[in-house]
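In what follows, a single structure is set out as structure tokens and then discussed.
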Amino acid sequence: MARPRHAPQCTIVIKLGTSSIVHEKTHQPLLSTLSSVVETVVHLRSRGHRVVLVSSGAIGVGLQRMNIPSRPKSLSGKQALAAIGQGRLIALWDDLFGHLEQPIAQVLLTRGDIADRTRYLNAVNTFNELLSMGVVPIVNENDTVSVSEIKFGDNDTLSAITSSMIHADYLFLLTDVDGLYTSNPRKDPDAKQIEAVTSISAIRSQVSTTTLGSSLGTGGMETKIIAAEIATGAGVTTIITSSKHPENIFGIIEYHNSLKTSSTPGTPLEPLSRTSSPVHSPSIPDSHRTGSPHASPLPRPPHTVFKPSSTPMRDLKSWTSHTLYPSGSVIIDTGAHQVLSRRESGGRLLAVGVLGVIGAFASGQAVRIVVLSPAAVQGSLEQSSLASTRPGTLALLAAPETLSRSALFAALTSKPEDEVVPTVKPQFLYDDANVVEVGRGLANYNSAQISKIKGLNSSYIPQLLGYADSEYVVENITIRVPP
Ligand SMILES: N[C@@H](CCC(=O)OP(=O)(O)O)C(=O)O
């Protein structure tokens with residue numbers, strides 16, 4: 001007899017915002033929502049899934065404990081309330097999960113914690129160990145020690161980074177609306193839910209993101225879209241759905257698994273849940289919206305799905321792009337921008353493609369990869385000139401991004417290029433105002449060294465720096481804005 005096909009076991013991150021954890025006015029915990037989340041998580045665990053919860057709410061619980069009506073404006077005020085509330089918040093989760101014999105763990109992170117590669121790997125190892133022990137890690141930002149430079153800022157971003165760290169299959173952003181709408185559904189009766197998103201840049205122009213979000217949390221739809229961008233870039237299917245019906249997570253996973261894996265279109269997998277999942281409205285299958293070859297006969301609980309990238313970033317690249325606070329910028333020319341946007345570049349930048357640096361950074365630190373803004377290119381062009389400084393040496397007092405180096409050498413000297421030591425001296429003053437960030441990477445040399453070797457063939461590195469650790473000046477580059 002044919003055995004029923006089981007849904008694959010997944011790693012699932014579920015993020016609950018402040019407005020889903022405490023009441024907006026009274027700050028009392030929303031016990032029925034929290035209990036439903038606990039039942040859902042325990043049920044997912046019983047089906048073999050690995051689950052991580054990202055829980056906001058420390059400040060909200062702190063407000064209730066101290067009987068303070070609204071979030072303080074000062075950072076230290078928020079940090080103090082988070083310190084008061086976090087203990088009670090985790091105690092509440094432990095109590096609720098404890099009734100169902102489910103062990104939990106508290107994981108508090110800041111961006112600074114995982115900006116260091118060793119600490120990042122330690123965090124990954126801890127997550128993996130906890131998950132293999134059958135524990136549900138409950139993550140929040142370590143607000144007490146976070147300052148603006150090292151803050152994730154909102155737990156949407158934190159949940160996306162957590163998903164990428166543990167190579168999650170799904171990230172569920174549970175919130176007070178059941179998906180992404182074309183406009184604010186609370187105000188606009190014509191607002192339409194967007195069921196599936198394949199291009200985040202395209203969706204940005206179609207939706208209004210400013211009007212949603214409660215007075216308690218720091219997130220809103222914009223931070224959810226940013227989180228979806230980070231998570232889908234790391235290969236994680238990202239879902240926005242209502243925190244009022246966490247049990248719909250079963251139906252949503254089942255629905256998407258049936259689209260993905262059904263060899264016979266329309267054959268449902270064995271349900272993840274034996275209990276029936278309330279489904280609030282029948283809706284048009286994703287296949288209709290996204291061009292998927294298979295239609296699913298399964299009901300589709302309301303949600304918006306952001307499809308994962310078909311070419312997810314390698315782990316280290318994802319880590320570089322999103323977890324590291326960049327210390328400075330490396331300005332690249334248009335040619336390097338094009339090359340780095342191709343996969344075969346391996347995400348490595350040669351000195352020849354560098355126009356300059358902004359700020360001071362050490363080797364090993366994260367840097368922004370930036371290009372000149374159109375206005376800066378124009379300003380640079382206006383100041384261009386060419387000069388010879390000593391025999392056999394060319395100084396380019398020019399806008400190097402506008403020049404072909406070999407054409408330049410051919411025009412100005414009969415010597416082959418490798419006999420000439422050029423010095424690139426753009427006269428234009430580059431700063432953050434005249435560049436545009438297109439990606440991030442890890443510097444192999446410090447800012448002063450990259451300044452010395454910018455624009456040059458890598459063979460000059462030992463001569464100019466006295467050593468050459470690598471022929472590349474920046475590695476592990478992720479280009480997020482193609483030319
Ligand atoms: N770490 C803070 C939460 C930050 C925040 O407001 O997040 P969110 O409610 O998801 O927008 C806390 O626990 O209160």
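In the structure tokens, chains take letters A, B, ... by order of appearance, with residues numbered from 1 within each chain and ligands from 1 in the order shown.
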
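Neighbours of ligand 1 at a cut-off of 6 Å, computed so that only C-alpha atoms and all ligand atoms are counted, are the residues Gly17, Thr18, Ser56, Gly57, Ala58, Ile59, Gly60, Ala82, Asn140, Glu141, Asp143, Asp154, Asn155, Asp156, Gly217, Thr218 and Gly219 of chain A.
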
For A:Ala227, list every protein, DNA or RNA residue within 9 Å, evaluated using only C-alpha atoms, and leave out those in the same chain fewer than 6 positions away; present the list as JSON, numbers by chain. {"A": [156, 157, 158, 159, 160, 161, 238]}

8 Å contact set for A:Ile84, only C-alpha atoms, chain neighbours under 2 positions out, as a count of residues only: 11

Within 8 Å of A:Gly48, counting only C-alpha atoms, which residues qualify if same-chain residues fewer than 4 places away don't, as a PyMOL selection string? chain A and resi 9-10+44

Coordinates-based distance that separates atom CA of A:Val52 from atom CA of A:Pro103 (Å, one decimal):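 Atom-to-atom, atom CA of A:Pro103 to atom CA of A:Val52, that is 12.0 Å.
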
Using only C-alpha atoms, which protein or nucleic acid residues come within 10 Å of A:Ala234? Drop anything in the same chain fewer than 2 positions from it, and give the result as a compact mmCIF listing (two decimals) with C-alpha atoms, in the first residue's frame.
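Just written: selection_39.txt:
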# COMPACT_ATOMS: atom_id res chain seq x y z
CA ALA A 160 15.77 38.04 8.63
CA ILE A 161 19.39 37.82 9.73
CA SER A 163 16.83 33.13 9.21
CA SER A 164 19.88 33.53 7.02
CA MET A 165 22.23 32.42 9.84
CA HIS A 167 19.51 28.60 6.63
CA ALA A 168 15.81 28.63 7.41
CA ASP A 169 13.28 27.46 4.86
CA ALA A 228 12.02 40.11 3.11
CA GLU A 229 14.79 41.41 0.86
CA ILE A 230 17.50 40.15 3.24
CA ALA A 231 15.84 36.79 3.87
CA THR A 232 14.84 36.01 0.28
CA VAL A 236 14.44 31.97 2.70
CA THR A 237 10.76 32.01 1.65
CA PRO A 308 13.31 33.20 -2.34
CA SER A 309 16.15 34.10 -4.67
CA SER A 310 16.98 31.33 -7.14
CA THR A 311 20.67 32.20 -6.61
CA PRO A 312 20.90 32.73 -2.85
CA MET A 313 23.95 34.44 -1.43
CA ARG A 314 26.64 32.26 0.03
CA ASP A 315 26.65 32.33 3.80
CA LYS A 317 28.38 37.00 1.66
CA SER A 318 25.05 37.26 3.38
CA TRP A 319 26.85 37.78 6.65

Nearest to A:Pro483: which of A:Gly364, A:Gly335, A:Gly359, A:Pro374 is it, counting only C-alpha atoms?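 Comparing A:Gly364, A:Gly335, A:Gly359, A:Pro374 against A:Pro483, the winner is A:Gly335.
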
Which polymer residues have any atom within 12 Å of an atom of A:Asp431, counting only C-alpha atoms, with same-chain residues fewer than 2 positions away left out, as JSON, numbers by chain? {"A": [328, 329, 330, 331, 356, 357, 358, 359, 370, 371, 372, 373, 376, 428, 429, 433, 434, 435, 436, 437]}

Interatomic distance, atom CA of A:Val207 to atom CA of A:Ser20 (Å, one decimal):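 We find that atom CA of A:Val207 and atom CA of A:Ser20 lie 22.6 Å from each other.
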
Atom CA of A:Asn128 and atom CA of A:Leu100, how far apart in Å? 22.2 Å

Residue nearest A:Arg368 - candidates A:Gly346, A:Gly85, A:Pro462, A:Gly441, atoms counted: only C-alpha atoms: A:Gly441

Could you name the residues that touch stretch 188-200 of chain A at 6 Å or less, counting only C-alpha atoms, but leaving out those on the same chain fewer than 5 positions away, as a PyMOL selection string? chain A and resi 180-183+304-307

Could you pull out the strand (DSSP E) residues of stretch 39-239 of chain A, going by DSSP on the backbone, and write them as an NGL selection string? :A and (50-55 or 104-109 or 136-141 or 170-175 or 180-181 or 193-194 or 196-197 or 237-239)

Residues from last step as file, N, CA, C and O atoms, as a tab-separated table (two decimals), in the first residue's frame:
chain	number	residue	atom	x	y	z
A	50	ARG	N	11.99	22.38	12.80
A	50	ARG	CA	12.84	23.13	13.76
A	50	ARG	C	12.32	24.55	13.78
A	50	ARG	O	12.15	25.16	12.72
A	51	VAL	N	12.07	25.09	14.98
A	51	VAL	CA	11.42	26.40	15.05
A	51	VAL	C	12.21	27.36	15.94
A	51	VAL	O	12.66	27.00	17.02
A	52	VAL	N	12.40	28.57	15.43
A	52	VAL	CA	13.00	29.66	16.20
A	52	VAL	C	11.96	30.77	16.28
A	52	VAL	O	11.30	31.09	15.29
A	53	LEU	N	11.80	31.35	17.47
A	53	LEU	CA	10.86	32.45	17.65
A	53	LEU	C	11.68	33.73	17.82
A	53	LEU	O	12.65	33.74	18.58
A	54	VAL	N	11.31	34.77	17.10
A	54	VAL	CA	11.93	36.08	17.35
A	54	VAL	C	10.85	36.93	18.00
A	54	VAL	O	9.81	37.19	17.39
A	55	SER	N	11.05	37.26	19.26
A	55	SER	CA	9.99	37.93	20.03
A	55	SER	C	10.41	39.32	20.46
A	55	SER	O	11.36	39.51	21.20
A	104	ILE	N	12.66	25.98	26.13
A	104	ILE	CA	13.02	27.15	25.31
A	104	ILE	C	14.39	27.65	25.75
A	104	ILE	O	14.92	27.23	26.78
A	105	ALA	N	14.97	28.57	24.93
A	105	ALA	CA	16.23	29.20	25.32
A	105	ALA	C	16.15	30.67	24.96
A	105	ALA	O	15.48	31.03	23.99
A	106	GLN	N	16.79	31.50	25.74
A	106	GLN	CA	16.82	32.94	25.41
A	106	GLN	C	18.11	33.25	24.66
A	106	GLN	O	19.20	32.91	25.11
A	107	VAL	N	17.97	33.90	23.49
A	107	VAL	CA	19.15	34.33	22.73
A	107	VAL	C	19.01	35.83	22.48
A	107	VAL	O	18.07	36.27	21.81
A	108	LEU	N	19.92	36.61	23.07
A	108	LEU	CA	19.88	38.07	22.88
A	108	LEU	C	21.07	38.48	22.02
A	108	LEU	O	22.22	38.14	22.33
A	109	LEU	N	20.80	39.17	20.93
A	109	LEU	CA	21.86	39.51	19.96
A	109	LEU	C	21.88	40.99	19.67
A	109	LEU	O	20.83	41.66	19.73
A	136	VAL	N	13.37	25.39	21.55
A	136	VAL	CA	12.93	26.53	20.74
A	136	VAL	C	13.69	27.77	21.21
A	136	VAL	O	13.42	28.31	22.30
A	137	PRO	N	14.67	28.24	20.43
A	137	PRO	CA	15.35	29.48	20.81
A	137	PRO	C	14.40	30.67	20.65
A	137	PRO	O	13.67	30.75	19.66
A	138	ILE	N	14.39	31.56	21.64
A	138	ILE	CA	13.56	32.77	21.55
A	138	ILE	C	14.51	33.97	21.52
A	138	ILE	O	15.25	34.22	22.47
A	139	VAL	N	14.51	34.65	20.38
A	139	VAL	CA	15.52	35.67	20.09
A	139	VAL	C	14.94	37.06	20.28
A	139	VAL	O	13.79	37.32	19.93
A	140	ASN	N	15.71	37.95	20.84
A	140	ASN	CA	15.37	39.38	20.85
A	140	ASN	C	16.67	40.15	20.73
A	140	ASN	O	17.76	39.58	20.89
A	141	GLU	N	16.56	41.43	20.44
A	141	GLU	CA	17.75	42.26	20.43
A	141	GLU	C	18.19	42.50	21.88
A	141	GLU	O	17.35	42.64	22.78
A	170	TYR	N	11.67	28.89	5.95
A	170	TYR	CA	10.60	29.90	5.99
A	170	TYR	C	10.86	30.93	7.08
A	170	TYR	O	11.31	30.58	8.17
A	171	LEU	N	10.56	32.18	6.77
A	171	LEU	CA	10.48	33.23	7.79
A	171	LEU	C	9.04	33.74	7.78
A	171	LEU	O	8.54	34.19	6.74
A	172	PHE	N	8.37	33.63	8.93
A	172	PHE	CA	7.01	34.17	9.06
A	172	PHE	C	7.07	35.47	9.85
A	172	PHE	O	7.51	35.47	11.01
A	173	LEU	N	6.66	36.56	9.22
A	173	LEU	CA	6.57	37.84	9.92
A	173	LEU	C	5.11	38.01	10.32
A	173	LEU	O	4.25	38.33	9.49
A	174	LEU	N	4.81	37.69	11.59
A	174	LEU	CA	3.42	37.78	12.05
A	174	LEU	C	3.16	39.22	12.51
A	174	LEU	O	3.94	39.78	13.28
A	175	THR	N	2.08	39.80	12.02
A	175	THR	CA	1.83	41.20	12.34
A	175	THR	C	0.34	41.46	12.45
A	175	THR	O	-0.46	40.52	12.46
A	180	LEU	N	0.64	42.08	2.73
A	180	LEU	CA	1.05	43.38	2.17
A	180	LEU	C	-0.09	43.84	1.25
A	180	LEU	O	-0.59	43.06	0.45
A	181	TYR	N	-0.48	45.09	1.41
A	181	TYR	CA	-1.59	45.63	0.61
A	181	TYR	C	-1.11	46.76	-0.29
A	181	TYR	O	-0.08	47.40	0.00
A	193	GLN	N	-4.82	42.94	-1.41
A	193	GLN	CA	-3.68	42.19	-0.89
A	193	GLN	C	-2.82	41.70	-2.05
A	193	GLN	O	-3.35	41.24	-3.06
A	194	ILE	N	-1.50	41.81	-1.87
A	194	ILE	CA	-0.57	41.27	-2.86
A	194	ILE	C	-0.22	39.87	-2.39
A	194	ILE	O	0.31	39.70	-1.29
A	196	ALA	N	1.70	37.34	-3.94
A	196	ALA	CA	3.05	36.81	-4.13
A	196	ALA	C	3.95	37.90	-4.72
A	196	ALA	O	3.54	38.64	-5.59
A	197	VAL	N	5.16	37.96	-4.20
A	197	VAL	CA	6.13	38.97	-4.65
A	197	VAL	C	7.37	38.24	-5.16
A	197	VAL	O	7.97	37.45	-4.43
A	237	THR	N	12.11	31.60	2.03
A	237	THR	CA	10.76	32.01	1.65
A	237	THR	C	10.20	32.84	2.80
A	237	THR	O	10.19	32.40	3.95
A	238	THR	N	9.74	34.05	2.49
A	238	THR	CA	9.32	34.96	3.56
A	238	THR	C	7.83	35.24	3.43
A	238	THR	O	7.32	35.50	2.34
A	239	ILE	N	7.13	35.14	4.57
A	239	ILE	CA	5.67	35.27	4.56
A	239	ILE	C	5.25	36.36	5.53
A	239	ILE	O	5.71	36.39	6.67
